[in-house]
Amino acid sequence: MDTVKHKKPDRWWRFRRLTISKVAESLHSNNLKIIFAGSRDQYAEAFHLAHQRYLEAGIISPQPHSFWLTPFHVLEDTRVVMAYLDGQPSCTASIVFDSSYGLPSDDIYNPELEILRREGRKLAEFCSLSALPSLPAMNTLFSVYRFLFRYAVSCGCTDIIISIRPQHADFYTRILPFEEYGPLRSYPKFVDLQAILQRLEIVDATKRLHQAYQDFPDEINLYKFFITESIGIHEKQFSKTRSLPKEDLNYFLDRSSLWEKMPPAFKDYCRRHYGLEGE
């Protein structure tokens, strides 16, 4: 589906992009910590960072208490990841697993996602991605995505999907092994935003990364970074992670407009799973 014609060979473009962006300094930084949010403060940092960056991008209006969270954040399997660079919040993303509640991108790409479901695919979506605008902070995205990719694999996912703005398409299809899966569409949940659906088939991703980076130097070899290198103690979090506790969910519901905007099915979930009372 990718109809963009590039003037420069992909290998040349990838090498230049990774070098100019100083990605090598971030891939193996000793000053970077990646965690699943587990405390109220960590969730608050993630929701504040997403709100800050989305507001600066002009794609949302100001939200109560400057929190950006979605109905999918109440689901038991959803996880929020935080990256801390030099001890400071630098990047966040969430992973949502497909269920009877669907995925965030079903808002505009339900027909495309239903095709994958009928094929028996197990889907997960990366969403609420936000990073501080500095180059080192933005480069922590690679480590956040590796963390989420490994977690998705450990949970038996077959495909990862993400809805992105068109200006970021080159990053996902030429640097990362995503492929365009859904056409450009308006995203009514956001302000004046158009998106493209991208899909990463996990089995195919290994082959595509190897083909793209097999002869790259180790410091920017994304095949080794994503597939073969150990992530050490970070992986121990996979079996210990948990969903948003009831008392913390109450805290964020009280301080955001989420409950008012939440679809009835999600409200019913909150009542059944958390014992919340509501309208």
# chains A, B, ... in the order shown; residues from 1 in each chain; ligands from 1

call {"tool": "select_by_dssp", "arguments": {"residues": "region 1-96 of chain A", "states": "helix (DSSP H, G or I)", "output": "number ranges by chain"}}
result
A: 10-20, 24-27, 40-57, 64-66, 71-74

call {"tool": "residues_around", "arguments": {"residues": "Ile20 (chain A)", "least_positions_apart": "5", "cutoff": "12 Å", "atoms": "only C-alpha atoms", "output": "PDB file with N, CA and C atoms, in the first residue's frame"}}
result
ATOM      1  N   TRP A  13      19.407   6.065   3.198  1.00  0.00           N
ATOM      2  CA  TRP A  13      18.528   6.961   3.953  1.00  0.00           C
ATOM      3  C   TRP A  13      18.508   6.573   5.424  1.00  0.00           C
ATOM      4  N   ARG A  14      18.383   5.267   5.702  1.00  0.00           N
ATOM      5  CA  ARG A  14      18.350   4.811   7.093  1.00  0.00           C
ATOM      6  C   ARG A  14      19.644   5.146   7.813  1.00  0.00           C
ATOM      7  N   PHE A  15      20.777   4.856   7.184  1.00  0.00           N
ATOM      8  CA  PHE A  15      22.073   5.100   7.819  1.00  0.00           C
ATOM      9  C   PHE A  15      22.240   6.591   8.121  1.00  0.00           C
ATOM     10  N   GLU A  25      23.739   7.212  20.589  1.00  0.00           N
ATOM     11  CA  GLU A  25      23.936   7.684  21.954  1.00  0.00           C
ATOM     12  C   GLU A  25      22.791   7.273  22.876  1.00  0.00           C
ATOM     13  N   LEU A 135      16.134  16.103  21.199  1.00  0.00           N
ATOM     14  CA  LEU A 135      16.568  14.938  20.430  1.00  0.00           C
ATOM     15  C   LEU A 135      16.856  13.728  21.317  1.00  0.00           C
ATOM     16  N   ASN A 139      14.721  10.199  21.032  1.00  0.00           N
ATOM     17  CA  ASN A 139      15.415   8.952  20.703  1.00  0.00           C
ATOM     18  C   ASN A 139      15.142   7.840  21.710  1.00  0.00           C
ATOM     19  N   ILE A 220      24.211   1.102  15.720  1.00  0.00           N
ATOM     20  CA  ILE A 220      22.925   1.500  15.143  1.00  0.00           C
ATOM     21  C   ILE A 220      22.256   0.320  14.437  1.00  0.00           C
TER      22      ILE A 220
END

call {"tool": "residues_around", "arguments": {"residues": "Asn31 (chain A)", "least_positions_apart": "5", "cutoff": "9 Å", "atoms": "only C-alpha atoms", "output": "list in words"}}
result
Ser26, Tyr84, Leu85, Asp86 and Gly87 of chain A

call {"tool": "write_last_selection", "arguments": {"atoms": "N, CA and C atoms", "output": "PDB file, in the first residue's frame"}}
result
ATOM      1  N   SER A  26      21.629   6.959  22.302  1.00  0.00           N
ATOM      2  CA  SER A  26      20.452   6.621  23.099  1.00  0.00           C
ATOM      3  C   SER A  26      20.212   5.126  23.231  1.00  0.00           C
ATOM      4  N   TYR A  84      12.610   7.300  31.644  1.00  0.00           N
ATOM      5  CA  TYR A  84      13.250   8.375  32.415  1.00  0.00           C
ATOM      6  C   TYR A  84      14.682   8.518  31.930  1.00  0.00           C
ATOM      7  N   LEU A  85      15.018   9.701  31.441  1.00  0.00           N
ATOM      8  CA  LEU A  85      16.356  10.001  30.972  1.00  0.00           C
ATOM      9  C   LEU A  85      17.015  10.942  31.968  1.00  0.00           C
ATOM     10  N   ASP A  86      18.122  10.503  32.518  1.00  0.00           N
ATOM     11  CA  ASP A  86      18.793  11.271  33.580  1.00  0.00           C
ATOM     12  C   ASP A  86      17.835  11.562  34.731  1.00  0.00           C
ATOM     13  N   GLY A  87      16.956  10.596  34.997  1.00  0.00           N
ATOM     14  CA  GLY A  87      16.041  10.713  36.122  1.00  0.00           C
ATOM     15  C   GLY A  87      14.786  11.518  35.851  1.00  0.00           C
TER      16      GLY A  87
END

call {"tool": "atom_distance", "arguments": {"atom1": "CA of Tyr54 (chain A)", "atom2": "CA of Ala37 (chain A)"}}
result
19.7 Å

call {"tool": "closest_atom_pairs", "arguments": {"of": "region 68-116 of chain A", "to": "region 120-134 of chain A", "cutoff": "6 Å", "atoms": "only C-alpha atoms", "output": "Markdown table"}}
result
| residue | atom | partner | partner_atom | distance |
| --- | --- | --- | --- | --- |
| A:Ser90 | CA | A:Leu132 | CA | 5.5 |
| A:Cys91 | CA | A:Ala131 | CA | 4.1 |
| A:Thr92 | CA | A:Ser130 | CA | 5.4 |
| A:Ala93 | CA | A:Leu129 | CA | 4.2 |
| A:Ser94 | CA | A:Cys127 | CA | 5.2 |
| A:Ile95 | CA | A:Phe126 | CA | 4.7 |
| A:Val96 | CA | A:Glu125 | CA | 5.2 |
| A:Phe97 | CA | A:Ala124 | CA | 4.3 |
| A:Asp98 | CA | A:Leu123 | CA | 5.4 |
| A:Leu116 | CA | A:Arg121 | CA | 5.5 |

call {"tool": "write_last_selection", "arguments": {"atoms": "N, CA and C atoms", "output": "PDB file, in the first residue's frame"}}
result
ATOM      1  N   SER A  90      10.820  11.423  30.089  1.00  0.00           N
ATOM      2  CA  SER A  90      11.194  11.856  28.747  1.00  0.00           C
ATOM      3  C   SER A  90      10.257  11.327  27.675  1.00  0.00           C
ATOM      4  N   CYS A  91       9.644  10.165  27.899  1.00  0.00           N
ATOM      5  CA  CYS A  91       8.816   9.553  26.869  1.00  0.00           C
ATOM      6  C   CYS A  91       7.826   8.596  27.524  1.00  0.00           C
ATOM      7  N   THR A  92       6.643   8.498  26.955  1.00  0.00           N
ATOM      8  CA  THR A  92       5.647   7.542  27.445  1.00  0.00           C
ATOM      9  C   THR A  92       4.885   6.950  26.275  1.00  0.00           C
ATOM     10  N   ALA A  93       4.368   5.768  26.479  1.00  0.00           N
ATOM     11  CA  ALA A  93       3.488   5.115  25.508  1.00  0.00           C
ATOM     12  C   ALA A  93       2.656   4.098  26.257  1.00  0.00           C
ATOM     13  N   SER A  94       1.528   3.731  25.685  1.00  0.00           N
ATOM     14  CA  SER A  94       0.666   2.714  26.273  1.00  0.00           C
ATOM     15  C   SER A  94       0.475   1.582  25.280  1.00  0.00           C
ATOM     16  N   ILE A  95       0.208   0.388  25.793  1.00  0.00           N
ATOM     17  CA  ILE A  95      -0.129  -0.751  24.953  1.00  0.00           C
ATOM     18  C   ILE A  95      -1.499  -1.258  25.372  1.00  0.00           C
ATOM     19  N   VAL A  96      -2.369  -1.402  24.374  1.00  0.00           N
ATOM     20  CA  VAL A  96      -3.731  -1.889  24.583  1.00  0.00           C
ATOM     21  C   VAL A  96      -3.881  -3.197  23.817  1.00  0.00           C
ATOM     22  N   PHE A  97      -4.391  -4.224  24.472  1.00  0.00           N
ATOM     23  CA  PHE A  97      -4.590  -5.518  23.830  1.00  0.00           C
ATOM     24  C   PHE A  97      -6.033  -5.651  23.356  1.00  0.00           C
ATOM     25  N   ASP A  98      -6.192  -6.279  22.208  1.00  0.00           N
ATOM     26  CA  ASP A  98      -7.517  -6.418  21.625  1.00  0.00           C
ATOM     27  C   ASP A  98      -8.427  -7.245  22.532  1.00  0.00           C
ATOM     28  N   LEU A 116      -8.234  -8.536  10.129  1.00  0.00           N
ATOM     29  CA  LEU A 116      -7.202  -9.241  10.893  1.00  0.00           C
ATOM     30  C   LEU A 116      -7.834 -10.148  11.943  1.00  0.00           C
TER      31      LEU A 116
END

call {"tool": "select_by_dssp", "arguments": {"residues": "region 2-222 of chain A", "states": "strand (DSSP E or B)", "output": "ChimeraX atom specification"}}
result
/A:32-36,79-85,88-97,123-131,159-164,179-186,194-201

call {"tool": "closest_residue", "arguments": {"among": "A:Arg199, A:His273, A:Lys246, A:Arg146", "to": "Ile162 (chain A)", "atoms": "only C-alpha atoms"}}
result
A:Arg199

call {"tool": "residues_around", "arguments": {"residues": "Met262 (chain A)", "least_positions_apart": "2", "cutoff": "12 Å", "atoms": "only C-alpha atoms", "output": "list in words"}}
result
Leu69, Thr70, Pro71, Phe72, His73, Val74, Tyr101, Leu253, Ser256, Ser257, Leu258, Trp259, Glu260, Pro264, Ala265, Phe266, Lys267, Asp268, Tyr269, Cys270, Gly278 and Glu279 of chain A

call {"tool": "residues_around", "arguments": {"residues": "Ser230 (chain A)", "least_positions_apart": "3", "cutoff": "12 Å", "atoms": "only C-alpha atoms", "output": "number ranges by chain"}}
result
A: 28, 146-147, 150, 224-227, 233-236

call {"tool": "atom_distance", "arguments": {"atom1": "CA of Ala205 (chain A)", "atom2": "CA of Gln167 (chain A)"}}
result
21.9 Å

call {"tool": "closest_residue", "arguments": {"among": "A:Ala24, A:Ser163, A:Gly232, A:His51", "to": "Leu193 (chain A)", "atoms": "only C-alpha atoms"}}
result
A:Ser163

call {"tool": "closest_residue", "arguments": {"among": "A:Thr78, A:Gln63, A:Ser21, A:Thr206", "to": "Arg242 (chain A)", "atoms": "only C-alpha atoms"}}
result
A:Thr78

call {"tool": "decode", "arguments": {"residues": "region 173-255 of chain A", "atoms": "C-alpha atoms", "output": "short mmCIF file (atom, residue, chain, number, x, y, z; two decimals), in the first residue's frame"}}
result
data_model
loop_
_atom_site.label_atom_id
_atom_site.label_comp_id
_atom_site.auth_asym_id
_atom_site.auth_seq_id
_atom_site.Cartn_x
_atom_site.Cartn_y
_atom_site.Cartn_z
CA THR A 173 8.03 2.18 7.43
CA ARG A 174 11.72 2.86 6.67
CA ILE A 175 13.38 2.89 10.10
CA LEU A 176 10.99 0.48 11.87
CA PRO A 177 9.42 -2.52 10.09
CA PHE A 178 5.84 -1.27 10.02
CA GLU A 179 3.76 -1.34 6.83
CA GLU A 180 0.90 0.92 5.85
CA TYR A 181 -2.36 -0.93 6.45
CA GLY A 182 -5.06 1.73 6.40
CA PRO A 183 -5.48 4.89 4.30
CA LEU A 184 -5.34 8.50 5.45
CA ARG A 185 -8.45 9.35 7.45
CA SER A 186 -9.62 12.11 9.77
CA TYR A 187 -9.51 11.23 13.47
CA PRO A 188 -12.52 12.97 15.07
CA LYS A 189 -11.36 12.24 18.63
CA PHE A 190 -8.59 14.79 18.03
CA VAL A 191 -8.56 18.35 16.76
CA ASP A 192 -7.92 18.65 13.02
CA LEU A 193 -5.92 15.42 12.88
CA GLN A 194 -5.47 12.93 10.09
CA ALA A 195 -3.94 9.51 10.62
CA ILE A 196 -2.56 6.50 8.76
CA LEU A 197 -2.92 2.98 10.15
CA GLN A 198 0.38 1.07 10.36
CA ARG A 199 0.77 -2.65 11.02
CA LEU A 200 3.74 -4.66 12.24
CA GLU A 201 3.42 -8.41 11.76
CA ILE A 202 5.70 -9.78 14.46
CA VAL A 203 7.01 -12.85 12.61
CA ASP A 204 7.70 -10.80 9.51
CA ALA A 205 9.29 -7.98 11.55
CA THR A 206 12.30 -10.14 12.43
CA LYS A 207 12.97 -10.86 8.77
CA ARG A 208 12.48 -7.26 7.73
CA LEU A 209 14.78 -5.91 10.45
CA HIS A 210 17.47 -8.43 9.58
CA GLN A 211 17.26 -7.58 5.91
CA ALA A 212 17.42 -3.84 6.61
CA TYR A 213 20.19 -3.80 9.24
CA GLN A 214 22.27 -6.97 8.87
CA ASP A 215 25.35 -5.07 7.69
CA PHE A 216 24.94 -1.98 9.91
CA PRO A 217 27.48 -1.27 12.66
CA ASP A 218 26.48 -2.57 16.09
CA GLU A 219 25.84 0.87 17.56
CA ILE A 220 22.92 1.50 15.14
CA ASN A 221 21.99 -2.08 14.26
CA LEU A 222 18.26 -2.13 14.98
CA TYR A 223 17.97 -5.84 14.19
CA LYS A 224 20.28 -6.68 17.08
CA PHE A 225 18.72 -3.98 19.26
CA PHE A 226 15.13 -5.18 18.82
CA ILE A 227 15.58 -8.91 18.30
CA THR A 228 18.77 -10.44 19.67
CA GLU A 229 20.07 -8.19 22.45
CA SER A 230 19.01 -8.88 26.03
CA ILE A 231 17.02 -6.19 27.79
CA GLY A 232 18.25 -7.51 31.11
CA ILE A 233 16.41 -6.57 34.25
CA HIS A 234 13.74 -4.73 32.26
CA GLU A 235 12.24 -8.05 31.17
CA LYS A 236 11.65 -9.07 34.78
CA GLN A 237 8.87 -6.48 34.88
CA PHE A 238 6.78 -8.50 32.41
CA SER A 239 5.62 -10.97 35.06
CA LYS A 240 5.20 -8.37 37.80
CA THR A 241 3.26 -5.66 36.03
CA ARG A 242 -0.30 -4.87 37.09
CA SER A 243 -3.25 -2.77 36.01
CA LEU A 244 -4.23 0.61 37.39
CA PRO A 245 -5.33 0.05 41.03
CA LYS A 246 -8.87 1.02 41.99
CA GLU A 247 -7.79 3.85 44.30
CA ASP A 248 -5.62 5.35 41.54
CA LEU A 249 -8.32 4.97 38.92
CA ASN A 250 -10.69 6.83 41.24
CA TYR A 251 -8.07 9.54 41.65
CA PHE A 252 -7.77 10.11 37.89
CA LEU A 253 -11.51 9.80 37.23
CA ASP A 254 -12.15 12.48 39.88
CA ARG A 255 -9.63 14.82 38.28
#
